[in-house]
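Visitor: This one is query19.csv, CSV, C-alpha atoms.
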chain,number,residue,atom,x,y,z
A,267,MET,CA,111.6,94.8,104.3
A,268,SER,CA,110.9,97.1,101.3
A,269,MET,CA,108.4,96.9,98.6
A,270,ILE,CA,109.8,97.0,95.0
A,271,SER,CA,107.1,96.6,92.4
A,272,GLU,CA,105.0,93.9,94.1
A,273,TYR,CA,108.0,92.2,95.7
A,274,ARG,CA,108.9,92.3,99.4
A,275,LEU,CA,112.7,92.5,99.6
A,276,THR,CA,115.3,92.6,102.4
A,277,ASN,CA,118.3,94.9,102.3
A,278,CYS,CA,120.5,91.9,101.3
A,279,SER,CA,118.1,90.9,98.5
A,280,MET,CA,118.1,94.5,97.1
A,281,LYS,CA,121.9,94.7,97.2
A,282,LEU,CA,122.2,91.4,95.3
A,283,LEU,CA,119.7,92.7,92.7
A,284,GLU,CA,121.7,95.9,92.4
A,285,LEU,CA,125.0,94.1,92.0
A,286,LEU,CA,123.5,91.7,89.4
A,287,PHE,CA,122.1,94.7,87.5
A,288,TYR,CA,125.5,96.5,87.5
A,289,TYR,CA,127.5,93.4,86.5
A,290,ARG,CA,125.1,91.3,84.4
A,291,GLY,CA,125.9,88.0,85.9
A,292,MET,CA,128.1,86.4,88.6
A,293,THR,CA,128.7,83.1,90.4
A,294,ALA,CA,127.5,82.9,94.0
A,295,LEU,CA,131.1,83.1,95.2
A,296,GLN,CA,131.7,86.2,93.3
A,297,LEU,CA,128.6,87.8,94.7
A,298,THR,CA,129.6,86.8,98.2
A,299,LYS,CA,133.1,88.4,97.7
A,300,MET,CA,131.6,91.6,96.3
A,301,TYR,CA,128.8,91.8,99.0
A,302,TYR,CA,131.2,91.3,101.9
A,303,ASP,CA,134.2,93.1,100.3
A,304,SER,CA,136.4,90.1,101.0
A,305,ASN,CA,138.5,87.8,98.8
A,306,ASN,CA,138.1,85.0,101.4
A,307,PRO,CA,134.5,85.1,102.7
A,308,LEU,CA,133.5,82.9,105.6
A,309,PRO,CA,131.5,79.7,105.1
A,310,THR,CA,128.5,81.4,106.9
A,311,GLN,CA,128.7,84.3,104.5
A,312,LYS,CA,128.7,82.0,101.5
A,313,SER,CA,125.7,80.1,102.9
A,314,ASN,CA,123.9,83.4,103.6
A,315,ILE,CA,124.2,84.6,100.0
A,316,HIS,CA,123.1,81.2,98.6
A,317,ASN,CA,120.0,81.4,100.8
A,318,TYR,CA,119.1,84.8,99.5
A,319,LEU,CA,119.8,83.8,95.9
A,320,ASN,CA,117.4,80.9,96.3
A,321,LYS,CA,114.7,83.2,97.7
A,322,LEU,CA,115.2,85.6,94.7
A,323,LYS,CA,114.9,82.6,92.4
A,324,ARG,CA,111.6,81.5,94.0
A,325,GLN,CA,110.4,85.1,93.4
A,326,SER,CA,111.4,84.7,89.8
A,327,LEU,CA,113.7,87.7,90.0
A,328,VAL,CA,116.9,85.8,89.5
A,329,ALA,CA,117.7,82.8,87.3
A,330,SER,CA,120.8,80.6,87.2
A,331,LYS,CA,122.6,78.4,84.7
A,332,LYS,CA,125.0,75.6,85.5
A,333,LEU,CA,128.6,76.2,84.4
A,334,ASP,CA,130.1,73.4,82.3
A,335,ASP,CA,133.7,74.4,82.5
A,336,ASN,CA,136.0,73.6,85.4
A,337,THR,CA,137.4,77.1,85.6
A,338,TYR,CA,134.5,78.4,87.6
A,339,LEU,CA,132.4,76.2,89.9
A,340,GLY,CA,128.7,76.1,90.3
A,341,SER,CA,126.3,78.4,88.4
A,342,ILE,CA,126.1,81.9,87.0
A,343,TYR,CA,123.3,84.0,88.4
A,344,TYR,CA,121.6,86.8,86.6
A,345,LEU,CA,118.4,88.8,86.7
A,346,THR,CA,115.2,87.6,84.9
A,347,SER,CA,113.3,90.2,82.9
A,348,LYS,CA,111.1,90.7,86.0
A,349,GLY,CA,114.2,91.2,88.2
A,350,PHE,CA,115.7,93.5,85.6
A,351,GLU,CA,112.6,95.8,85.7
A,352,ALA,CA,112.5,95.6,89.5
A,353,ALA,CA,116.2,96.7,89.7
A,354,LYS,CA,115.5,99.6,87.4
A,355,GLU,CA,112.7,100.7,89.7
A,356,MET,CA,114.8,100.2,92.8
A,357,LEU,CA,117.6,102.3,91.3
A,358,ASN,CA,115.2,105.0,90.0
A,359,ILE,CA,116.4,104.7,86.4
A,360,GLU,CA,114.3,107.0,84.3
A,361,VAL,CA,112.6,105.8,81.2
A,362,GLY,CA,114.8,106.4,78.2
A,363,ALA,CA,117.8,107.4,80.3
A,364,THR,CA,121.2,107.4,78.5
A,365,GLU,CA,124.1,107.7,80.9
A,366,ASN,CA,127.8,106.9,81.0
A,367,GLY,CA,127.5,103.6,83.0
A,368,PHE,CA,130.2,104.1,85.6
A,369,ILE,CA,129.2,101.9,88.5
A,370,LEU,CA,130.8,103.3,91.6
A,371,LEU,CA,129.7,106.8,90.8
A,372,ASN,CA,126.1,105.6,90.8
A,373,GLU,CA,126.5,103.2,93.7
A,374,ARG,CA,128.5,105.3,96.2
A,375,SER,CA,127.7,108.9,95.2
A,376,GLY,CA,124.1,108.5,94.1
A,377,ILE,CA,124.8,110.2,90.8
A,378,PRO,CA,122.6,108.6,88.0
A,379,THR,CA,124.9,106.8,85.6
A,380,GLN,CA,122.9,103.8,84.5
A,381,SER,CA,120.9,103.7,81.3
A,382,ASP,CA,117.5,102.3,80.5
A,383,LEU,CA,118.8,99.4,78.5
A,384,PRO,CA,116.8,96.6,76.9
A,385,TYR,CA,116.9,93.2,78.6
A,386,ASN,CA,118.5,91.5,75.6
A,387,LEU,CA,121.5,93.9,75.8
A,388,TYR,CA,121.9,93.3,79.5
A,389,GLN,CA,121.9,89.5,79.6
A,390,PRO,CA,125.3,87.9,80.2
A,391,PRO,CA,127.0,86.2,77.2
A,392,ARG,CA,125.9,82.7,76.4
A,393,GLN,CA,129.1,81.6,74.6
A,394,GLN,CA,132.0,83.3,76.4
A,395,VAL,CA,130.9,82.9,80.0
A,396,ASN,CA,134.4,82.3,81.4
A,397,HIS,CA,135.6,85.4,79.6
A,398,HIS,CA,132.8,87.4,81.4
A,399,LEU,CA,133.5,85.9,84.8
A,400,LEU,CA,137.2,86.7,84.5
A,401,LEU,CA,136.2,90.3,84.0
A,402,ILE,CA,134.0,90.1,87.1
A,403,ASP,CA,137.1,88.9,89.0
A,404,LEU,CA,138.8,92.1,87.9
A,405,PHE,CA,135.9,94.2,89.2
A,406,ILE,CA,136.0,92.4,92.5
A,407,GLN,CA,139.7,93.3,92.9
A,408,LEU,CA,139.0,96.9,92.1
A,409,ARG,CA,136.3,97.1,94.7
A,410,ILE,CA,138.1,95.2,97.5
A,411,HIS,CA,141.7,96.5,97.2
A,412,PHE,CA,141.2,100.2,96.7
A,413,SER,CA,139.8,102.6,99.2
A,414,GLU,CA,137.1,105.2,98.6
A,415,GLU,CA,139.8,107.8,98.4
A,416,GLU,CA,141.6,106.0,95.6
A,417,VAL,CA,138.4,104.6,94.0
A,418,ILE,CA,138.8,102.9,90.6
A,419,ASP,CA,135.5,103.4,88.8
A,420,HIS,CA,134.6,101.1,85.9
A,421,ARG,CA,132.0,100.3,83.3
A,422,LEU,CA,131.1,97.4,81.1
A,423,SER,CA,131.3,96.9,77.4
A,424,MET,CA,127.7,98.0,76.6
A,425,TYR,CA,128.7,101.5,77.9
A,426,CYS,CA,132.3,101.8,76.6
A,427,SER,CA,131.8,100.4,73.1
A,428,THR,CA,132.0,103.4,70.9
A,429,PRO,CA,130.9,103.9,67.3
A,430,TYR,CA,133.0,106.2,65.0
A,431,THR,CA,133.5,107.0,61.3
A,432,HIS,CA,136.9,106.6,59.7
A,433,GLU,CA,137.7,107.0,56.0
A,434,LYS,CA,133.9,107.1,55.3
A,435,MET,CA,133.3,103.8,57.0
A,436,ASP,CA,131.2,103.3,60.2
A,437,ARG,CA,133.2,101.4,62.8
A,438,LYS,CA,133.1,100.6,66.5
A,439,ILE,CA,135.7,99.9,69.2
A,440,ARG,CA,134.6,97.1,71.5
A,441,PRO,CA,136.7,96.9,74.7
A,442,ASP,CA,135.5,94.5,77.3
A,443,ALA,CA,135.4,97.2,79.9
A,444,GLU,CA,136.9,100.6,80.9
A,445,ILE,CA,138.5,101.7,84.2
A,446,LEU,CA,138.9,105.3,85.4
A,447,LEU,CA,141.7,106.1,87.8
A,448,PRO,CA,141.5,108.9,90.4
A,449,SER,CA,143.6,111.0,88.0
A,450,LYS,CA,140.7,110.7,85.5
A,451,ASN,CA,143.0,108.8,83.1
A,452,SER,CA,141.1,105.9,81.5
A,453,TYR,CA,142.3,102.5,80.3
A,454,TRP,CA,140.5,100.1,78.0
A,455,ILE,CA,140.3,96.5,79.4
A,456,GLU,CA,140.7,93.5,77.1
A,457,VAL,CA,140.2,90.1,78.7
A,458,ASP,CA,142.8,87.8,77.1
A,459,ARG,CA,142.3,84.0,77.3
A,460,ALA,CA,145.0,83.5,74.6
A,461,THR,CA,142.4,82.5,72.0
A,462,GLU,CA,143.1,85.4,69.5
A,463,ASN,CA,145.9,84.7,67.0
A,464,HIS,CA,148.4,87.3,65.7
A,465,THR,CA,146.1,88.3,62.8
A,466,GLN,CA,143.2,88.9,65.1
A,467,LEU,CA,145.3,90.9,67.5
A,468,LEU,CA,146.5,93.0,64.6
A,469,ALA,CA,142.9,93.7,63.6
A,470,LYS,CA,142.0,94.7,67.1
A,471,PHE,CA,144.9,97.2,67.4
A,472,ASN,CA,144.2,98.5,63.9
A,473,ASN,CA,140.7,99.3,65.1
A,474,TYR,CA,142.0,101.2,68.1
A,475,ARG,CA,144.5,103.0,65.9
A,476,ASP,CA,141.7,104.1,63.5
A,477,TYR,CA,139.6,105.3,66.5
A,478,LEU,CA,142.5,107.4,67.7
A,479,SER,CA,142.8,108.8,64.2
A,480,TYR,CA,139.1,109.7,64.3
A,481,LEU,CA,139.5,111.5,67.6
A,482,LYS,CA,142.6,113.5,66.3
A,483,GLU,CA,141.0,114.4,63.0
A,484,ASN,CA,137.9,115.8,64.8
A,485,ASN,CA,139.9,117.6,67.5
A,486,LEU,CA,138.4,115.4,70.2
A,487,ASP,CA,140.3,115.1,73.5
A,488,THR,CA,140.7,111.6,74.9
A,489,PRO,CA,141.4,110.6,78.5
A,490,PHE,CA,142.7,107.2,77.4
A,491,LYS,CA,146.2,106.4,78.5
A,492,GLY,CA,146.4,102.7,77.7
A,493,ILE,CA,145.0,99.3,77.0
A,494,ILE,CA,145.3,96.7,79.7
A,495,PHE,CA,145.2,93.0,78.7
A,496,LEU,CA,144.0,90.9,81.6
A,497,THR,CA,145.0,87.2,81.8
A,498,ASP,CA,144.0,84.4,84.2
A,499,ALA,CA,146.0,84.3,87.4
A,500,LYS,CA,146.9,80.7,86.6
A,501,GLN,CA,148.8,81.6,83.5
A,502,ARG,CA,152.4,80.4,83.9
A,503,ILE,CA,155.1,83.0,83.7
A,504,TYR,CA,156.8,81.3,80.7
A,505,GLY,CA,153.5,81.1,78.8
A,506,LEU,CA,152.9,84.8,79.8
A,507,LYS,CA,156.2,85.9,78.2
A,508,ARG,CA,155.3,84.1,74.9
A,509,ARG,CA,151.8,85.6,74.9
A,510,TRP,CA,153.2,89.1,75.7
A,511,THR,CA,155.6,88.8,72.7
A,512,ASN,CA,152.6,88.1,70.4
A,513,ILE,CA,150.4,90.9,71.8
A,514,LEU,CA,153.2,93.5,71.9
A,515,SER,CA,154.4,92.6,68.4
A,516,ALA,CA,150.9,93.2,67.0
A,517,PHE,CA,150.5,96.4,69.0
A,518,LEU,CA,153.8,97.8,67.8
A,519,LYS,CA,153.1,96.9,64.2
A,520,ALA,CA,149.5,98.3,64.1
A,521,MET,CA,149.8,101.4,66.3
A,522,TYR,CA,153.2,102.7,65.1
A,523,SER,CA,152.1,106.3,64.9
A,524,TYR,CA,150.4,106.3,68.3
A,525,GLN,CA,152.9,104.4,70.4
A,526,SER,CA,153.9,107.3,72.6
A,527,GLU,CA,150.3,108.3,73.3
A,528,ILE,CA,148.8,104.9,74.3
A,529,ARG,CA,150.5,102.3,76.5
A,530,LEU,CA,149.9,98.6,76.3
A,531,ILE,CA,150.0,96.7,79.6
A,532,LEU,CA,149.6,93.0,80.3
A,533,THR,CA,148.8,91.7,83.8
A,534,PRO,CA,147.6,88.4,85.2
A,535,LEU,CA,144.7,88.8,87.7
A,536,ASN,CA,146.9,88.1,90.7
A,537,LEU,CA,149.2,91.1,89.9
A,538,LEU,CA,146.3,93.4,89.0
A,539,GLU,CA,146.5,95.5,92.2
A,540,ASP,CA,150.3,96.0,91.8
A,541,THR,CA,149.8,96.9,88.1
A,542,ILE,CA,147.1,99.5,88.8
A,543,ARG,CA,149.1,101.0,91.7
A,544,PHE,CA,152.1,101.4,89.5
A,545,GLU,CA,150.0,103.3,87.0
A,546,MET,CA,148.6,105.5,89.8
A,547,LYS,CA,152.1,106.2,91.1
A,548,ARG,CA,154.0,106.6,87.8
A,549,SER,CA,154.9,110.2,88.6
A,550,ALA,CA,156.4,109.3,92.0
A,551,PHE,CA,158.4,106.4,90.4
A,552,ASN,CA,159.8,108.8,87.8
A,553,GLN,CA,160.8,111.3,90.4
A,554,LEU,CA,162.6,108.6,92.4
A,555,ALA,CA,164.3,107.3,89.2
A,556,LYS,CA,165.5,110.9,88.4
A,557,HIS,CA,167.3,111.2,91.8
A,558,ILE,CA,168.8,107.7,91.4
A,559,VAL,CA,170.2,108.6,87.9
A,560,HIS,CA,171.6,111.8,89.2
A,561,ASP,CA,173.4,110.2,92.1
A,562,LYS,CA,174.6,107.1,90.0
A,563,LEU,CA,176.2,109.1,87.2
A,564,HIS,CA,177.8,111.6,89.6
A,565,LYS,CA,179.4,108.6,91.4
A,566,ALA,CA,180.6,107.3,88.0
A,567,GLY,CA,182.7,110.5,87.5
A,568,TYR,CA,180.3,112.7,85.5
A,569,LYS,CA,180.5,116.3,86.8
A,570,LYS,CA,177.2,117.4,85.3
A,571,VAL,CA,174.1,115.4,84.8
A,572,ILE,CA,171.1,116.9,82.9
A,573,PRO,CA,167.9,114.8,83.0
A,574,PHE,CA,165.1,115.5,80.5
A,575,ILE,CA,161.4,114.9,81.2
A,576,LYS,CA,158.7,114.4,78.6
A,577,THR,CA,156.4,117.4,78.8
A,578,ALA,CA,153.3,115.4,77.8
A,579,ASP,CA,153.2,112.9,80.6
A,580,LYS,CA,156.1,114.0,82.9
A,581,THR,CA,158.0,110.8,82.5
A,582,LEU,CA,161.8,110.5,82.6
A,583,PHE,CA,163.1,110.3,79.1
A,584,TYR,CA,166.9,110.7,78.8
A,585,ALA,CA,169.9,112.3,80.4
A,586,ILE,CA,173.1,114.0,79.2
A,587,ALA,CA,176.1,113.3,81.4
A,588,ILE,CA,179.2,115.5,81.0
A,589,ARG,CA,182.8,115.1,82.2
A,590,LYS,CA,185.8,117.1,81.0
A,591,GLN,CA,185.5,117.5,77.2
A,592,SER,CA,183.1,114.6,76.5
A,593,TYR,CA,179.5,113.6,77.1
A,594,LYS,CA,177.3,110.5,77.0
A,595,VAL,CA,173.6,110.2,76.3
A,596,PHE,CA,171.5,107.8,78.5
A,597,PHE,CA,168.1,106.7,77.4
A,598,LEU,CA,166.0,106.4,80.6
A,599,ASN,CA,162.7,104.6,81.2
A,600,VAL,CA,160.5,103.7,84.1
A,601,SER,CA,158.2,100.8,83.2
A,602,ASN,CA,156.2,97.9,84.6
A,603,THR,CA,156.7,94.2,84.0
A,604,PHE,CA,154.8,93.8,80.8
A,605,ASP,CA,154.6,97.4,79.5
A,606,SER,CA,155.0,98.9,76.1
A,607,SER,CA,156.4,102.2,77.2
A,608,MET,CA,160.0,101.0,77.2
A,609,TYR,CA,159.8,100.2,73.5
A,610,THR,CA,157.7,103.2,72.4
A,611,SER,CA,159.8,105.7,74.3
A,612,PHE,CA,163.0,104.3,72.8
A,613,HIS,CA,161.5,104.6,69.3
A,614,HIS,CA,160.7,108.3,70.1
A,615,PHE,CA,164.2,108.8,71.6
A,616,LEU,CA,165.9,107.5,68.5
A,617,ASN,CA,163.9,109.8,66.3
A,618,ILE,CA,165.1,112.9,68.2
A,619,LEU,CA,168.7,111.6,69.0
A,620,HIS,CA,170.2,113.9,66.3
A,621,LYS,CA,168.6,116.9,68.0
A,622,ILE,CA,170.1,115.8,71.3
A,623,HIS,CA,173.6,115.9,69.8
A,624,GLN,CA,172.9,119.4,68.6
A,625,LYS,CA,171.9,120.8,72.0
A,626,SER,CA,173.8,123.8,73.3
A,627,GLU,CA,174.8,121.8,76.5
A,628,VAL,CA,177.0,119.5,74.4
A,629,LYS,CA,178.4,122.0,71.9
A,630,GLY,CA,182.1,121.5,71.4
A,631,LEU,CA,182.1,118.2,73.4
A,632,GLN,CA,183.0,114.7,72.1
A,633,SER,CA,180.2,112.1,72.2
A,634,GLN,CA,181.0,108.9,74.1
A,635,GLY,CA,178.0,107.0,72.7
A,636,LEU,CA,174.7,105.8,74.1
A,637,GLU,CA,173.5,103.6,77.0
A,638,GLN,CA,170.1,102.6,78.3
A,639,ILE,CA,169.0,102.5,82.0
A,640,ILE,CA,165.6,100.9,82.6
A,641,PHE,CA,164.0,101.3,86.0
A,642,HIS,CA,161.7,98.4,86.8
A,643,PRO,CA,159.9,96.8,89.8
A,644,ASP,CA,161.4,93.4,88.7
A,645,LYS,CA,165.0,92.7,89.2
A,646,ASP,CA,165.2,90.7,86.0
A,647,PRO,CA,162.5,91.9,83.7
A,648,TYR,CA,161.6,90.3,80.4
A,649,ILE,CA,162.9,92.6,77.6
A,650,LEU,CA,161.8,91.7,74.1
A,651,LYS,CA,164.6,90.9,71.7
A,652,THR,CA,162.6,90.3,68.5
A,653,LEU,CA,159.1,90.7,67.2
A,654,GLN,CA,156.8,87.7,66.5
A,655,ASN,CA,155.9,86.7,62.9
A,656,HIS,CA,157.8,87.2,59.7
A,657,ASP,CA,156.1,90.4,58.6
A,658,SER,CA,157.8,92.4,61.3
A,659,LEU,CA,158.9,96.0,60.5
A,660,LYS,CA,162.7,96.0,60.0
A,661,GLU,CA,163.0,99.4,61.6
A,662,LEU,CA,161.4,98.1,64.8
A,663,GLU,CA,163.6,95.0,64.7
A,664,ASP,CA,166.7,97.2,64.4
A,665,GLU,CA,165.5,99.3,67.4
A,666,LEU,CA,165.1,96.2,69.6
A,667,VAL,CA,168.7,95.2,68.8
A,668,MET,CA,169.9,98.7,69.8
A,669,LEU,CA,167.7,98.7,73.0
A,670,ASN,CA,169.2,95.4,74.2
A,671,GLU,CA,172.8,96.7,73.7
A,672,ASN,CA,174.5,98.5,76.7
A,673,ILE,CA,171.4,98.2,78.8
A,674,GLU,CA,171.2,98.2,82.6
A,675,VAL,CA,168.2,97.4,84.7
A,676,ILE,CA,167.7,98.9,88.1
A,677,GLN,CA,165.0,97.6,90.4
A,678,ILE,CA,162.9,100.4,91.8
A,679,ASP,CA,160.5,100.4,94.8
A,680,LEU,CA,158.7,103.3,96.4
A,681,PRO,CA,158.7,103.8,100.2
A,682,ASP,CA,155.5,102.4,101.8
A,683,ASP,CA,154.2,105.8,102.7
A,684,VAL,CA,154.2,107.1,99.1
Using structure tokens, write down the structure that the file contains.
Guide:
Amino acid sequence: MSMISEYRLTNCSMKLLELLFYYRGMTALQLTKMYYDSNNPLPTQKSNIHNYLNKLKRQSLVASKKLDDNTYLGSIYYLTSKGFEAAKEMLNIEVGATENGFILLNERSGIPTQSDLPYNLYQPPRQQVNHHLLLIDLFIQLRIHFSEEEVIDHRLSMYCSTPYTHEKMDRKIRPDAEILLPSKNSYWIEVDRATENHTQLLAKFNNYRDYLSYLKENNLDTPFKGIIFLTDAKQRIYGLKRRWTNILSAFLKAMYSYQSEIRLILTPLNLLEDTIRFEMKRSAFNQLAKHIVHDKLHKAGYKKVIPFIKTADKTLFYAIAIRKQSYKVFFLNVSNTFDSSMYTSFHHFLNILHKIHQKSEVKGLQSQGLEQIIFHPDKDPYILKTLQNHDSLKELEDELVMLNENIEVIQIDLPDDV
């Protein structure tokens, strides 16, 4: 037992207060999964957490609200104002502290990252509770499926929402969360329950575009590599394809000038671990693809194969294959299932294609045209053929037609030890 303020608390009670402080609100099952680091906690473990939550409620440190929707069962638990202040004391949060909000850095390393927030900012949302709980499911996966050596730190919206000024107007980007990979690359998280229409998606991406413009205009570096849209694990694959078409179309239209700098990724919750690991191992995937291209084109009769890598992110970009007095250019891309990099890299590739034909390596040789080779974890990936809505950019539409011509998809998997 420990004394926090005037409350006598067990280690389990203190851990539950800590988790509720970090994550604002959770169901009892989510708390059980997080406490025991298990996706399938035992009945005794569930019962144990329920008992401790009831004790905390009797101490007026925790409150609960019955959930009305069938998506999540039971109640959402959250700290009362007394519990909130007790948690701040327990975590030694200084008065007036303004920190970055990354949870695991605070929890596992003891480095202060939590701010002295007002209670009304902390409280879980009243209207979009399921939206919040889906985000909690994401955090549970990050905590359970990744070791401390490959830790994926994360923070909530009250920390990663960022004000900025663009064209003399005060604005703010409002992602639902942010995750930080071991490489220190950051990704904004947007929970998507398919409620935003095309116009609203365009507005969201326009806001991100303006924020990136603000960073560039003020010579501010950014660790952000992408925006991950998270959907419910129950989303059917056909519905997911249609939703991806809508989201990607809005992204391409709004962020035309930043396409090669920021990736858009869509993943259902049940594929989250695979998606994150793909991001973590992009370099290894690209190196494997480079070797496959080299061997494949040599076997096809090309005597010389010259692959080119993007200097910015070390990704495979294109290759020139030469035989006798001719050459062919191959657009190359390594991408995940729902991933904008295939389309944005192809746009960049077409913009420099005239320079490729002027390279010294092909001087005096006859061009044999262009082909596309896409490396993908799926054998039959979904490749967009047209944008959604009638206000599509004709240039982008033409590029999609070209991308789908003379295209070959190669399934790619890394060895287990990589």
Visitor: Would you write out, as JSON lines, a table of all residues in segment 446-507 of chain A that have an atom no more than 10 Å from an atom of segment 602-610 of chain A, listing for each the closest atom pair and the distance in Å to one decimal, considering all atoms listed in the file and ordering rows by chain and rising residue number?
Guide:
{"residue": "A:Gly492", "atom": "CA", "partner": "A:Ser606", "partner_atom": "CA", "distance": 9.5}
{"residue": "A:Ile494", "atom": "CA", "partner": "A:Asp605", "partner_atom": "CA", "distance": 9.3}
{"residue": "A:Phe495", "atom": "CA", "partner": "A:Phe604", "partner_atom": "CA", "distance": 9.9}
{"residue": "A:Leu506", "atom": "CA", "partner": "A:Phe604", "partner_atom": "CA", "distance": 9.3}
{"residue": "A:Lys507", "atom": "CA", "partner": "A:Phe604", "partner_atom": "CA", "distance": 8.4}
Visitor: Point out the residue among A:Gln624, A:Asn305, A:Asn655, A:Ser549 with the least atom-to-atom distance to Phe405 of chain A, counting only C-alpha atoms.
Guide: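 Comparing A:Gln624, A:Asn305, A:Asn655, A:Ser549 against Phe405 of chain A, the winner is A:Asn305.
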Visitor: Find the residue from A:Glu365, A:Asp403, A:Asp334, A:Glu545 that sits nearest to Leu496 of chain A; use all atoms listed in the file when measuring.
Guide: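 Closest to Leu496 of chain A of all the choices is A:Asp403.
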Visitor: Given the point (166.8, 107.6, 78.7) in the file's coordinates, find the residues that have an atom at most 7 Å from it, counting all atoms listed in the file, and give them as a ChimeraX atom specification.
Guide: /A:582-585,596-599,638-639
Visitor: Mind listing as a list in words all residues within 8 Å of (177.5, 112.7, 87.6), counting all atoms listed in the file?
Guide: His560, Asp561, Lys562, Leu563, His564, Lys565, Ala566, Gly567, Tyr568, Lys569, Lys570, Val571, Ala587, Ile588 and Arg589 of chain A
Visitor: So, counting all atoms listed in the file, which residue among A:His432, A:His420, A:His411, A:Lys323 is closest to Asp303 of chain A?
Guide: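 Among the listed residues, the smallest separation from Asp303 of chain A belongs to A:His411.
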Visitor: Considering all atoms listed in the file, return as an mmCIF file with C-alpha atoms, keeping the file's coordinate frame whatever protein or nucleic-acid residues lie within 8 Å of Gln632 of chain A, sequence-local ones (same chain, fewer than 5 positions apart) excluded.
Guide:
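That gives us out.cif:
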data_model
loop_
_atom_site.group_PDB
_atom_site.id
_atom_site.type_symbol
_atom_site.label_atom_id
_atom_site.label_comp_id
_atom_site.auth_asym_id
_atom_site.auth_seq_id
_atom_site.Cartn_x
_atom_site.Cartn_y
_atom_site.Cartn_z
ATOM 1 C CA GLN A 591 185.500 117.500 77.200
ATOM 2 C CA SER A 592 183.100 114.600 76.500
ATOM 3 C CA TYR A 593 179.500 113.600 77.100
#
Visitor: Excluding segment 288-300 of chain A and any residue of its chain fewer than 6 positions from it, enumerate the residues within 9 Å of it, using all atoms listed in the file, and give them as number ranges by chain.
Guide: A: 282, 306-307, 311-312, 314-316, 319, 330, 338-345, 367, 369, 380, 388-391, 398-399, 402-403, 405-407, 409-410, 421-422
Visitor: Quick one: of A:Glu637, A:Pro647, A:Phe471, A:His397, who's nearest to Glu671 of chain A, counting all atoms listed in the file?
Guide: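 Answer, going by the shortest atom-to-atom distance: A:Glu637.
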Visitor: Could you check which of A:Gln466, A:Asn396, A:Ser423, A:Ser279 is closest to Leu333 of chain A, using only C-alpha atoms?
Guide: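 Checking each candidate against Leu333 of chain A, we get A:Asn396 as the closest.
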Visitor: Have a look at A:Arg440, A:Arg475, A:Arg324, A:Arg508 and name the one nearest to Ile649 of chain A; count only C-alpha atoms.
Guide: A:Arg508
Visitor: In Å, rounded to a single decimal, give me how far atom CA of Thr276 of chain A is from atom CA of Ser375 of chain A.
Guide: 21.7 Å
Visitor: How many Å lie between atom CA of Glu462 of chain A and atom CA of Ser611 of chain A, rounded to one decimal?
Guide: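 For atom CA of Glu462 of chain A relative to atom CA of Ser611 of chain A, the distance reads 26.7 Å.
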Visitor: Excluding same-chain residues fewer than 2 positions from Met521 of chain A, what lies within 12 Å of it counting all atoms listed in the file, as a VMD selection string?
Guide: chain A and resid 467 to 479 492 to 493 513 to 519 523 to 530 606 610
Visitor: Write a file of the selected residues as a short mmCIF file (atom, residue, chain, number, x, y, z; two decimals), keeping the file's coordinate frame, keeping C-alpha atoms.
Guide:
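Output file result_17.cif is given in full below:
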data_model
loop_
_atom_site.label_atom_id
_atom_site.label_comp_id
_atom_site.auth_asym_id
_atom_site.auth_seq_id
_atom_site.Cartn_x
_atom_site.Cartn_y
_atom_site.Cartn_z
CA LEU A 467 145.30 90.90 67.50
CA LEU A 468 146.50 93.00 64.60
CA ALA A 469 142.90 93.70 63.60
CA LYS A 470 142.00 94.70 67.10
CA PHE A 471 144.90 97.20 67.40
CA ASN A 472 144.20 98.50 63.90
CA ASN A 473 140.70 99.30 65.10
CA TYR A 474 142.00 101.20 68.10
CA ARG A 475 144.50 103.00 65.90
CA ASP A 476 141.70 104.10 63.50
CA TYR A 477 139.60 105.30 66.50
CA LEU A 478 142.50 107.40 67.70
CA SER A 479 142.80 108.80 64.20
CA GLY A 492 146.40 102.70 77.70
CA ILE A 493 145.00 99.30 77.00
CA ILE A 513 150.40 90.90 71.80
CA LEU A 514 153.20 93.50 71.90
CA SER A 515 154.40 92.60 68.40
CA ALA A 516 150.90 93.20 67.00
CA PHE A 517 150.50 96.40 69.00
CA LEU A 518 153.80 97.80 67.80
CA LYS A 519 153.10 96.90 64.20
CA SER A 523 152.10 106.30 64.90
CA TYR A 524 150.40 106.30 68.30
CA GLN A 525 152.90 104.40 70.40
CA SER A 526 153.90 107.30 72.60
CA GLU A 527 150.30 108.30 73.30
CA ILE A 528 148.80 104.90 74.30
CA ARG A 529 150.50 102.30 76.50
CA LEU A 530 149.90 98.60 76.30
CA SER A 606 155.00 98.90 76.10
CA THR A 610 157.70 103.20 72.40
#
Visitor: Report as a list in words all protein, DNA and RNA residues lying within 9 Å of segment 452-454 of chain A, evaluated on only C-alpha atoms, omitting residues in the same chain fewer than 5 positions from it.
Guide: Cys426, Pro441, Asp442, Ala443, Glu444, Ile445, Leu446, Leu447, Thr488, Pro489, Phe490, Lys491, Gly492, Ile493, Ile494 and Phe495 of chain A
Visitor: State, in Å with one decimal place, the distance from atom CA of Leu400 of chain A to atom CA of Leu535 of chain A.
Guide: 8.4 Å
Visitor: Hey, what's within 10 Å of segment 350-360 of chain A if we count only C-alpha atoms and toss same-chain stuff fewer than 4 positions away? As an NGL selection string, please?
Guide: :A and (268-273 or 280-288 or 290 or 327-328 or 344-346 or 364-365 or 372-373 or 376 or 378-385 or 388-389)
